[in-house]
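S.K.: Please find upload23.cif (mmCIF, C-alpha atoms) on the next line:
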```cif
data_input
loop_
_atom_site.label_atom_id
_atom_site.label_comp_id
_atom_site.auth_asym_id
_atom_site.auth_seq_id
_atom_site.Cartn_x
_atom_site.Cartn_y
_atom_site.Cartn_z
CA MET A 24 0.00 0.00 0.00
CA GLN A 25 1.44 3.32 -0.99
CA GLU A 26 2.07 5.50 1.96
CA SER A 27 0.58 8.91 1.74
CA ASN A 28 1.14 12.05 3.74
CA GLU A 29 -2.28 13.29 2.82
CA MET A 30 -4.05 12.01 5.88
CA SER A 31 -1.92 14.21 8.14
CA THR A 32 -3.36 17.30 6.50
CA GLY A 33 -6.83 15.79 6.30
CA ARG A 34 -9.89 17.64 7.46
CA PHE A 35 -13.05 16.06 8.80
CA ASP A 36 -15.98 16.90 6.56
CA GLY A 37 -18.66 17.46 9.18
CA GLU A 38 -21.32 18.42 6.65
CA LYS A 39 -20.84 15.25 4.66
CA PHE A 40 -20.89 13.17 7.82
CA PHE A 41 -24.04 14.91 9.00
CA ALA A 42 -25.71 14.25 5.66
CA ALA A 43 -24.75 10.60 5.89
CA LEU A 44 -26.16 10.43 9.41
CA ASP A 45 -29.35 12.03 8.09
CA GLY A 46 -29.62 9.23 5.58
CA GLN A 47 -29.37 6.69 8.36
CA ARG A 48 -31.82 8.60 10.48
CA SER A 49 -34.37 8.79 7.68
CA ALA A 50 -33.99 5.16 6.84
CA ARG A 51 -34.69 4.23 10.45
CA GLY A 52 -37.62 6.66 10.61
CA ILE A 53 -36.49 8.38 13.79
CA THR A 54 -35.96 11.97 14.99
CA TRP A 55 -32.60 13.62 15.59
CA LYS A 56 -33.31 13.45 19.30
CA LYS A 57 -33.60 9.69 19.03
CA VAL A 58 -30.33 9.54 17.11
CA ALA A 59 -28.54 11.36 19.93
CA GLU A 60 -30.17 9.13 22.54
CA GLN A 61 -29.49 5.88 20.72
CA ALA A 62 -25.91 6.85 19.95
CA GLY A 63 -25.43 8.07 23.53
CA VAL A 64 -24.16 11.55 22.63
CA PRO A 65 -25.06 14.83 24.35
CA ALA A 66 -28.21 16.54 23.13
CA SER A 67 -26.29 19.47 21.66
CA THR A 68 -23.89 17.33 19.59
CA LEU A 69 -25.87 17.00 16.38
CA THR A 70 -26.94 20.63 16.26
CA ARG A 71 -23.34 21.68 16.92
CA MET A 72 -22.21 19.41 14.11
CA SER A 73 -24.73 20.87 11.72
CA GLN A 74 -23.42 24.30 12.73
CA GLY A 75 -19.92 23.32 11.63
CA ARG A 76 -18.53 22.50 15.07
CA LYS A 77 -16.38 19.41 14.97
CA PRO A 78 -17.60 16.57 17.21
CA ASP A 79 -15.31 15.46 20.00
CA VAL A 80 -13.64 12.08 19.62
CA ASP A 81 -16.05 10.26 21.92
CA SER A 82 -19.12 11.60 20.16
CA LEU A 83 -17.70 10.86 16.73
CA SER A 84 -16.89 7.35 17.85
CA ALA A 85 -20.35 6.84 19.25
CA LEU A 86 -22.03 8.16 16.12
CA CYS A 87 -19.91 5.92 13.93
CA ALA A 88 -20.80 2.94 16.08
CA TRP A 89 -24.48 3.82 15.87
CA SER A 90 -24.52 4.44 12.14
CA GLY A 91 -21.96 1.94 10.90
CA LEU A 92 -20.23 4.79 9.08
CA LYS A 93 -16.45 4.98 9.10
CA SER A 94 -14.93 8.35 9.99
CA ASP A 95 -12.08 7.78 7.50
CA ALA A 96 -14.57 8.08 4.69
CA PHE A 97 -15.22 11.67 5.75
CA MET A 98 -11.66 12.89 5.85
CA THR A 99 -10.90 15.24 3.04
CA THR A 100 -7.52 16.51 1.97
CA ASP A 101 -9.10 19.70 0.71
CA SER A 102 -7.57 22.24 3.07
CA ARG A 103 -9.57 25.23 1.95
CA ASN A 104 -13.12 25.80 3.15
CA ASN A 105 -15.74 24.88 0.63
CA PRO A 106 -16.64 28.00 -1.28
CA GLU A 107 -20.35 28.45 -0.94
CA PRO A 108 -22.45 29.31 -3.92
CA LEU A 109 -23.80 32.82 -3.61
CA ALA A 110 -27.30 31.93 -4.61
CA GLU A 111 -27.98 29.46 -1.85
CA MET A 112 -29.09 31.70 0.97
CA SER A 113 -32.21 30.58 2.68
CA ALA A 114 -34.19 31.95 5.51
CA LEU A 115 -36.87 30.74 7.78
CA PHE A 116 -39.12 33.53 8.71
CA ARG A 117 -40.76 33.51 12.01
CA ALA A 118 -44.39 33.64 11.08
CA ASP A 119 -44.93 37.25 12.02
CA PRO A 120 -48.35 37.72 10.52
CA ASN A 121 -47.80 41.44 10.68
CA LEU A 122 -44.84 41.62 8.34
CA SER A 123 -45.81 44.22 5.79
CA LYS A 124 -44.56 44.30 2.24
CA GLU A 125 -42.28 47.19 3.18
CA GLY A 126 -41.08 45.20 6.16
CA ALA A 127 -40.37 42.14 4.02
CA ILE A 128 -38.19 44.17 1.68
CA ALA A 129 -36.34 45.77 4.61
CA LEU A 130 -35.81 42.39 6.26
CA GLU A 131 -34.47 40.86 3.09
CA ALA A 132 -31.95 43.71 2.81
CA ILE A 133 -30.77 43.20 6.38
CA ILE A 134 -30.50 39.45 5.93
CA LYS A 135 -28.45 39.87 2.77
CA THR A 136 -26.08 42.23 4.61
CA ALA A 137 -25.82 39.83 7.54
CA TYR A 138 -25.12 36.97 5.22
CA GLU A 139 -22.42 38.85 3.36
CA GLN A 140 -20.74 39.92 6.57
CA LEU A 141 -20.82 36.44 8.00
CA ARG A 142 -19.52 34.72 4.92
CA LYS A 143 -16.31 36.63 5.39
CA LEU A 144 -15.77 35.16 8.85
CA MET B 1358 -52.25 22.03 17.76
CA ALA B 1359 -51.73 18.41 16.66
CA LEU B 1360 -48.12 17.60 17.45
CA ARG B 1361 -46.67 14.30 16.37
CA TYR B 1362 -46.85 11.44 18.82
CA GLY B 1363 -44.08 11.64 21.41
CA PHE B 1364 -43.17 15.24 20.63
CA LYS B 1365 -44.07 16.71 24.00
CA ALA B 1366 -42.04 14.08 25.85
CA GLU B 1367 -39.16 14.73 23.48
CA ALA B 1368 -39.43 18.48 24.13
CA ASN B 1369 -39.10 17.79 27.85
CA ARG B 1370 -36.00 15.74 27.22
CA TRP B 1371 -34.41 18.51 25.10
CA SER B 1372 -35.11 20.93 27.91
CA ARG B 1373 -33.71 18.69 30.62
CA GLU B 1374 -30.61 17.68 28.69
CA PHE B 1375 -29.66 21.18 27.57
CA ARG B 1376 -29.88 22.28 31.19
CA LYS B 1377 -27.56 19.44 32.14
CA GLU B 1378 -25.06 20.54 29.49
CA LEU B 1379 -25.33 24.14 30.68
CA LYS B 1380 -24.76 22.85 34.21
CA VAL B 1381 -28.05 24.07 35.62
CA ASP B 1382 -30.70 22.09 37.43
CA PRO B 1383 -33.82 20.81 35.63
CA GLU B 1384 -36.05 23.38 37.34
CA ASP B 1385 -33.69 26.30 36.82
CA PRO B 1386 -34.01 29.12 34.29
CA LEU B 1387 -32.33 28.54 30.97
CA CYS B 1388 -30.58 31.40 29.23
CA PRO B 1389 -31.27 31.28 25.49
CA TRP B 1390 -28.14 33.33 24.80
CA GLU B 1391 -26.04 30.67 26.52
CA LEU B 1392 -27.96 27.99 24.68
CA CYS B 1393 -27.06 29.60 21.35
CA GLU B 1394 -23.44 29.55 22.38
CA LEU B 1395 -23.64 25.89 23.39
CA LEU B 1396 -25.23 24.98 20.07
CA GLY B 1397 -22.83 27.03 17.97
CA ILE B 1398 -25.61 29.31 16.70
CA PRO B 1399 -24.34 32.85 16.00
CA LEU B 1400 -26.86 35.32 17.36
CA PHE B 1401 -27.13 38.93 16.24
CA PRO B 1402 -29.29 41.73 17.53
CA ILE B 1403 -30.72 43.63 14.61
CA SER B 1404 -29.16 46.84 15.93
CA SER B 1405 -25.73 45.42 15.05
CA PHE B 1406 -26.55 46.06 11.39
CA ARG B 1407 -27.36 49.69 12.01
CA ASP B 1408 -24.24 51.01 10.29
CA ALA B 1409 -24.75 49.07 7.10
CA ARG B 1410 -28.55 49.25 6.96
CA SER B 1411 -29.58 52.19 9.07
CA LYS B 1412 -32.93 52.86 7.39
CA GLU B 1413 -34.10 49.26 7.61
CA VAL B 1414 -32.83 48.70 11.15
CA LEU B 1415 -34.43 51.89 12.41
CA TYR B 1416 -37.66 50.77 10.83
CA PHE B 1417 -37.73 47.51 12.77
CA MET B 1418 -36.68 49.24 15.96
CA SER B 1419 -39.50 51.77 15.67
CA GLU B 1420 -42.79 51.15 17.41
CA LYS B 1421 -44.53 50.26 14.17
CA GLY B 1422 -41.73 48.16 12.72
CA SER B 1423 -41.00 46.26 15.91
CA ARG B 1424 -44.45 44.71 15.65
CA GLU B 1425 -43.45 43.18 12.31
CA PHE B 1426 -40.21 41.42 13.20
CA SER B 1427 -39.23 39.23 16.13
CA ALA B 1428 -36.48 36.94 14.92
CA VAL B 1429 -35.35 35.01 11.90
CA ALA B 1430 -33.03 32.07 11.33
CA VAL B 1431 -30.91 32.45 8.21
CA GLY B 1432 -28.85 29.73 6.72
CA HIS B 1433 -26.69 28.44 4.03
CA GLY B 1434 -26.41 24.72 3.70
CA LEU B 1435 -26.48 23.36 7.20
CA LYS B 1436 -25.21 26.36 9.15
CA LYS B 1437 -27.67 28.82 10.57
CA PHE B 1438 -27.50 32.11 12.39
CA VAL B 1439 -30.24 34.07 14.07
CA ILE B 1440 -31.07 37.75 13.88
CA HIS B 1441 -33.44 39.00 16.54
CA ASN B 1442 -35.12 42.27 17.38
CA ASP B 1443 -33.42 43.85 20.39
CA ALA B 1444 -35.98 46.65 20.42
CA HIS B 1445 -38.26 44.15 22.16
CA ASP B 1446 -37.95 43.88 25.94
CA LYS B 1447 -35.54 41.22 27.24
CA LYS B 1448 -38.28 38.73 28.17
CA ARG B 1449 -39.73 38.90 24.69
CA GLN B 1450 -36.26 38.60 23.16
CA ALA B 1451 -35.77 35.38 25.15
CA SER B 1452 -38.96 33.97 23.71
CA ASN B 1453 -38.09 35.07 20.16
CA ILE B 1454 -34.63 33.52 20.36
CA ALA B 1455 -35.89 30.29 21.94
CA HIS B 1456 -38.39 29.93 19.11
CA GLU B 1457 -35.71 30.14 16.45
CA VAL B 1458 -33.42 27.83 18.42
CA ALA B 1459 -36.29 25.34 18.55
CA HIS B 1460 -36.54 25.40 14.74
CA ILE B 1461 -32.79 24.81 14.47
CA VAL B 1462 -32.64 22.05 17.08
CA LEU B 1463 -35.48 20.28 15.30
CA HIS B 1464 -33.56 20.67 12.04
CA HIS B 1465 -36.53 22.21 10.30
CA PRO B 1466 -35.47 22.89 6.73
CA LEU B 1467 -35.26 26.53 5.78
CA SER B 1468 -37.36 28.02 3.04
CA PRO B 1469 -35.84 29.80 0.12
CA MET B 1470 -35.36 33.52 0.64
CA MET B 1471 -36.91 34.38 -2.67
CA GLY B 1472 -40.37 34.18 -1.21
CA THR B 1473 -40.33 37.03 1.27
CA ASP B 1474 -44.05 36.64 1.56
CA ASN B 1475 -43.83 34.67 4.76
CA ARG B 1476 -47.30 33.33 4.27
CA ARG B 1477 -46.05 31.25 1.38
CA ASN B 1478 -43.23 29.87 3.51
CA TYR B 1479 -45.43 29.05 6.46
CA ASN B 1480 -45.30 25.42 7.54
CA LYS B 1481 -47.90 24.88 10.23
CA ASP B 1482 -46.51 21.64 11.66
CA GLN B 1483 -43.05 23.15 12.04
CA GLU B 1484 -44.42 26.36 13.55
CA ASP B 1485 -46.49 24.35 16.01
CA GLU B 1486 -43.44 22.32 17.02
CA ALA B 1487 -41.27 25.42 17.54
CA ALA B 1488 -44.13 27.16 19.35
CA TRP B 1489 -44.19 24.25 21.79
CA LEU B 1490 -40.47 23.58 22.13
CA GLY B 1491 -39.38 27.23 22.50
CA PRO B 1492 -41.40 27.83 25.68
CA ALA B 1493 -40.60 24.31 26.92
CA LEU B 1494 -36.91 25.17 26.74
CA LEU B 1495 -37.40 28.34 28.77
CA ILE B 1496 -39.74 26.85 31.33
CA SER B 1497 -39.15 23.13 31.59
CA ASP B 1498 -41.72 20.75 32.96
CA GLU B 1499 -39.71 20.66 36.17
CA ALA B 1500 -39.65 24.46 36.32
CA ALA B 1501 -43.43 24.65 35.89
CA LEU B 1502 -43.86 22.17 38.74
CA SER B 1503 -41.42 24.10 40.87
CA ILE B 1504 -43.30 27.37 40.27
CA VAL B 1505 -46.51 25.79 41.49
CA GLU B 1506 -44.91 23.92 44.40
CA ARG B 1507 -43.15 27.04 45.63
CA ARG B 1508 -46.39 29.01 45.15
CA MET B 1509 -44.61 31.63 43.08
CA SER B 1510 -46.82 34.33 41.66
CA ILE B 1511 -46.87 34.73 37.90
CA GLN B 1512 -44.94 37.97 38.33
CA GLU B 1513 -42.29 36.30 40.49
CA ALA B 1514 -41.93 33.43 38.05
CA SER B 1515 -41.79 35.86 35.13
CA ASN B 1516 -38.89 37.69 36.76
CA TYR B 1517 -37.09 34.58 37.95
CA TYR B 1518 -37.28 32.79 34.64
CA ARG B 1519 -36.94 36.01 32.65
CA VAL B 1520 -39.92 35.29 30.45
CA SER B 1521 -43.31 36.92 29.90
CA HIS B 1522 -46.34 36.36 32.11
CA GLU B 1523 -48.11 34.73 29.20
CA LEU B 1524 -45.36 32.20 28.73
CA VAL B 1525 -45.30 31.33 32.43
CA GLN B 1526 -49.06 30.87 32.48
CA MET B 1527 -49.03 28.82 29.30
CA ARG B 1528 -46.35 26.46 30.55
CA ILE B 1529 -48.08 25.99 33.92
CA ASN B 1530 -51.29 25.14 32.07
CA VAL B 1531 -49.89 22.76 29.49
CA SER B 1532 -47.63 20.94 31.91
CA GLY B 1533 -50.61 20.23 34.16
CA ALA B 1534 -48.45 21.39 37.05
CA ARG B 1535 -51.37 22.48 39.22
CA LYS B 1536 -53.06 19.10 38.96
CA ARG B 1537 -49.83 17.28 39.69
CA VAL B 1538 -49.12 19.35 42.80
CA ALA B 1539 -52.71 19.29 44.14
#
```
As structure tokens, please, write out the structure in this file.

M.R.:
Amino acid sequence: MQESNEMSTGRFDGEKFFAALDGQRSARGITWKKVAEQAGVPASTLTRMSQGRKPDVDSLSALCAWSGLKSDAFMTTDSRNNPEPLAEMSALFRADPNLSKEGAIALEAIIKTAYEQLRKL
Amino acid sequence: MALRYGFKAEANRWSREFRKELKVDPEDPLCPWELCELLGIPLFPISSFRDARSKEVLYFMSEKGSREFSAVAVGHGLKKFVIHNDAHDKKRQASNIAHEVAHIVLHHPLSPMMGTDNRRNYNKDQEDEAAWLGPALLISDEAALSIVERRMSIQEASNYYRVSHELVQMRINVSGARKRVA
């Protein structure tokens, strides 16, 4: 087997892992809460992971054991952050029934600004 | 409100387990700002965009505009952040933030921004779930029981848990705390 240095600069692809977990979750017909409980990880773990926070070793281990996924499969040698397509912004509006048309336009402008500022972080 | 089977029990477990992670007791107040930090959810008061969007921000901070906007979760891919209206009083802010956190914790998918007509993006089941879980995070089942057991007034509970009177009353009612204590 050819030895490679690539793994030492590898990066865990949390998003890909989360998507794979979602596949397992869907297939088993259970909620995210149930996933955390069955895997034995803290309640915050899966939300943190979806927010881009890397899971600690114990949680990752537990989730791999639960799902049958192998963490190696989610190591990427791509050292740069994935560039995100500009068009993919999405928003969940709290159902403020009072949001006027003027308000909706103003809110969209603020959200766009927020998004642009945060993308730079 | 027809929540899916097992949802209310699950909501109680979210509430209890987040408190454990935040190192507070099950009947203690829960700070939604701290919860956002635990969950890795960036949280922004709308006033923080005042420099870049002064006209729009001032609109939502005005008396008229503040009735139109409480909070919104914005995302790209998996990651989400929350913008909330800090012109509302602190107790209302807590409720607004908890509601958005509930959506995120439940992994409700976001709707495309293009439809700024929020009526088109309204998903009743998801709104019902967040409307239940948000308050349940702020006043856990254990907290509701504790309020009744300790004979706290609504005002006292509102101040102690840093939430509105309405939220206190609602959680006491739906948790059946009075019947359980009687």

S.K.: What does the structure give for the distance between CA of Arg1424 in chain B and CA of Asn1480 in chain B, in Å to one decimal?

M.R.: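 Going from CA of Arg1424 in chain B over to CA of Asn1480 in chain B, I get 20.9 Å.
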
S.K.: Work out how far apart CA of Ser94 in chain A and CA of Met72 in chain A are and give it in Å to one decimal.

M.R.: 13.9 Å

S.K.: For chain B against chain A, which residues fall within 8 Å using only C-alpha atoms, given as a ChimeraX atom specification?

M.R.: /B:1367,1371,1374-1375,1378,1395-1398,1406,1409-1410,1413-1414,1417,1422,1424-1437,1457,1461-1464,1467-1470,1473-1476,1478-1479,1484

S.K.: Go through B:Leu1400, B:Val1525, B:Ala1459, B:Val1531 and flag the residue nearest Gln1483 in chain B, using all atoms listed in the file for the distances.

M.R.: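 Of B:Leu1400, B:Val1525, B:Ala1459, B:Val1531, the one nearest Gln1483 in chain B, counting all atoms listed in the file, is B:Ala1459.
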
S.K.: To one decimal place in Å, what is the distance between CA of Asp1498 in chain B and CA of Val1439 in chain B?

M.R.: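 Result for CA of Asp1498 in chain B versus CA of Val1439 in chain B: 25.8 Å, one decimal.
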
S.K.: Which residue gives the smallest distance to Asn1453 in chain B among B:Ser1510, B:Ser1521, B:Ser1497, B:Ser1419, with all atoms listed in the file counted?

M.R.: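 Nearest to Asn1453 in chain B: B:Ser1521.
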
S.K.: With a distance cut-off of 8 Å and all atoms listed in the file, select the neighbouring residues of Ala1500 in chain B, excluding the residue or stretch itself and same-chain residues fewer than 4 positions from it, and output the selection as a PyMOL selection string.

M.R.: chain B and resi 1383-1386+1496+1504

S.K.: Run through the PyMOL selection byres ((chain B and resi 1446-1449) around 7) on the given coordinates and return the selected residues as a ChimeraX atom specification.

M.R.: /B:1444-1445,1450-1453,1519-1521

S.K.: Here's a test: counting only C-alpha atoms, identify every protein, DNA and RNA residue with an atom at most 6 Å from (-31.2, 28.1, 22.7) in the file's coordinate frame, and state them as a ChimeraX atom specification.

M.R.: /B:1389,1392-1393,1455,1458

S.K.: Because the input lacks atoms here, generate all heavy atoms for range 82-93 of chain A and report them as a tab-separated table (two decimals), keeping the file's coordinate frame.

M.R.:
```
chain	number	residue	atom	x	y	z
A	82	SER	N	-17.84	11.48	20.87
A	82	SER	CA	-19.12	11.60	20.16
A	82	SER	C	-19.00	11.05	18.75
A	82	SER	O	-19.90	10.35	18.27
A	82	SER	CB	-19.58	13.06	20.10
A	82	SER	OG	-19.89	13.52	21.39
A	83	LEU	N	-17.89	11.34	18.10
A	83	LEU	CA	-17.70	10.86	16.73
A	83	LEU	C	-17.68	9.33	16.72
A	83	LEU	O	-18.32	8.68	15.90
A	83	LEU	CB	-16.39	11.41	16.15
A	83	LEU	CG	-16.07	11.01	14.72
A	83	LEU	CD1	-17.21	11.40	13.78
A	83	LEU	CD2	-14.76	11.66	14.25
A	84	SER	N	-16.97	8.79	17.69
A	84	SER	CA	-16.89	7.35	17.85
A	84	SER	C	-18.26	6.72	18.04
A	84	SER	O	-18.62	5.73	17.40
A	84	SER	CB	-16.07	7.11	19.11
A	84	SER	OG	-15.23	6.08	18.97
A	85	ALA	N	-19.02	7.35	18.92
A	85	ALA	CA	-20.35	6.84	19.25
A	85	ALA	C	-21.28	6.91	18.04
A	85	ALA	O	-22.06	5.99	17.77
A	85	ALA	CB	-20.95	7.63	20.41
A	86	LEU	N	-21.17	8.00	17.30
A	86	LEU	CA	-22.03	8.16	16.12
A	86	LEU	C	-21.63	7.18	15.02
A	86	LEU	O	-22.50	6.67	14.30
A	86	LEU	CB	-21.97	9.61	15.62
A	86	LEU	CG	-22.68	10.61	16.52
A	86	LEU	CD1	-22.29	12.05	16.17
A	86	LEU	CD2	-24.21	10.47	16.42
A	87	CYS	N	-20.35	6.92	14.91
A	87	CYS	CA	-19.91	5.92	13.93
A	87	CYS	C	-20.40	4.54	14.32
A	87	CYS	O	-20.88	3.78	13.48
A	87	CYS	CB	-18.38	5.92	13.81
A	87	CYS	SG	-17.74	7.35	12.91
A	88	ALA	N	-20.33	4.25	15.60
A	88	ALA	CA	-20.80	2.94	16.08
A	88	ALA	C	-22.30	2.80	15.82
A	88	ALA	O	-22.77	1.75	15.38
A	88	ALA	CB	-20.49	2.79	17.56
A	89	TRP	N	-23.02	3.86	16.05
A	89	TRP	CA	-24.48	3.82	15.87
A	89	TRP	C	-24.85	3.65	14.41
A	89	TRP	O	-25.75	2.89	14.05
A	89	TRP	CB	-25.13	5.10	16.42
A	89	TRP	CG	-26.59	5.22	16.13
A	89	TRP	CD1	-27.61	4.64	16.81
A	89	TRP	CD2	-27.18	5.92	15.03
A	89	TRP	NE1	-28.82	4.94	16.23
A	89	TRP	CE2	-28.58	5.72	15.12
A	89	TRP	CE3	-26.68	6.69	13.97
A	89	TRP	CZ2	-29.48	6.28	14.21
A	89	TRP	CZ3	-27.57	7.24	13.06
A	89	TRP	CH2	-28.96	7.02	13.19
A	90	SER	N	-24.13	4.37	13.55
A	90	SER	CA	-24.52	4.44	12.14
A	90	SER	C	-23.84	3.39	11.26
A	90	SER	O	-24.29	3.11	10.16
A	90	SER	CB	-24.19	5.81	11.58
A	90	SER	OG	-22.78	6.04	11.67
A	91	GLY	N	-22.74	2.85	11.75
A	91	GLY	CA	-21.96	1.94	10.90
A	91	GLY	C	-21.08	2.68	9.92
A	91	GLY	O	-20.41	2.07	9.09
A	92	LEU	N	-21.08	4.01	9.98
A	92	LEU	CA	-20.23	4.79	9.08
A	92	LEU	C	-18.79	4.77	9.61
A	92	LEU	O	-18.57	4.64	10.81
A	92	LEU	CB	-20.73	6.24	9.01
A	92	LEU	CG	-22.14	6.45	8.45
A	92	LEU	CD1	-22.63	7.86	8.75
A	92	LEU	CD2	-22.17	6.19	6.94
A	93	LYS	N	-17.87	4.94	8.69
A	93	LYS	CA	-16.45	4.98	9.10
A	93	LYS	C	-15.95	6.42	8.97
A	93	LYS	O	-16.11	7.04	7.91
A	93	LYS	CB	-15.60	4.09	8.18
A	93	LYS	CG	-16.02	2.62	8.19
A	93	LYS	CD	-15.32	1.86	9.30
A	93	LYS	CE	-15.72	0.40	9.32
A	93	LYS	NZ	-17.03	0.18	9.97
```
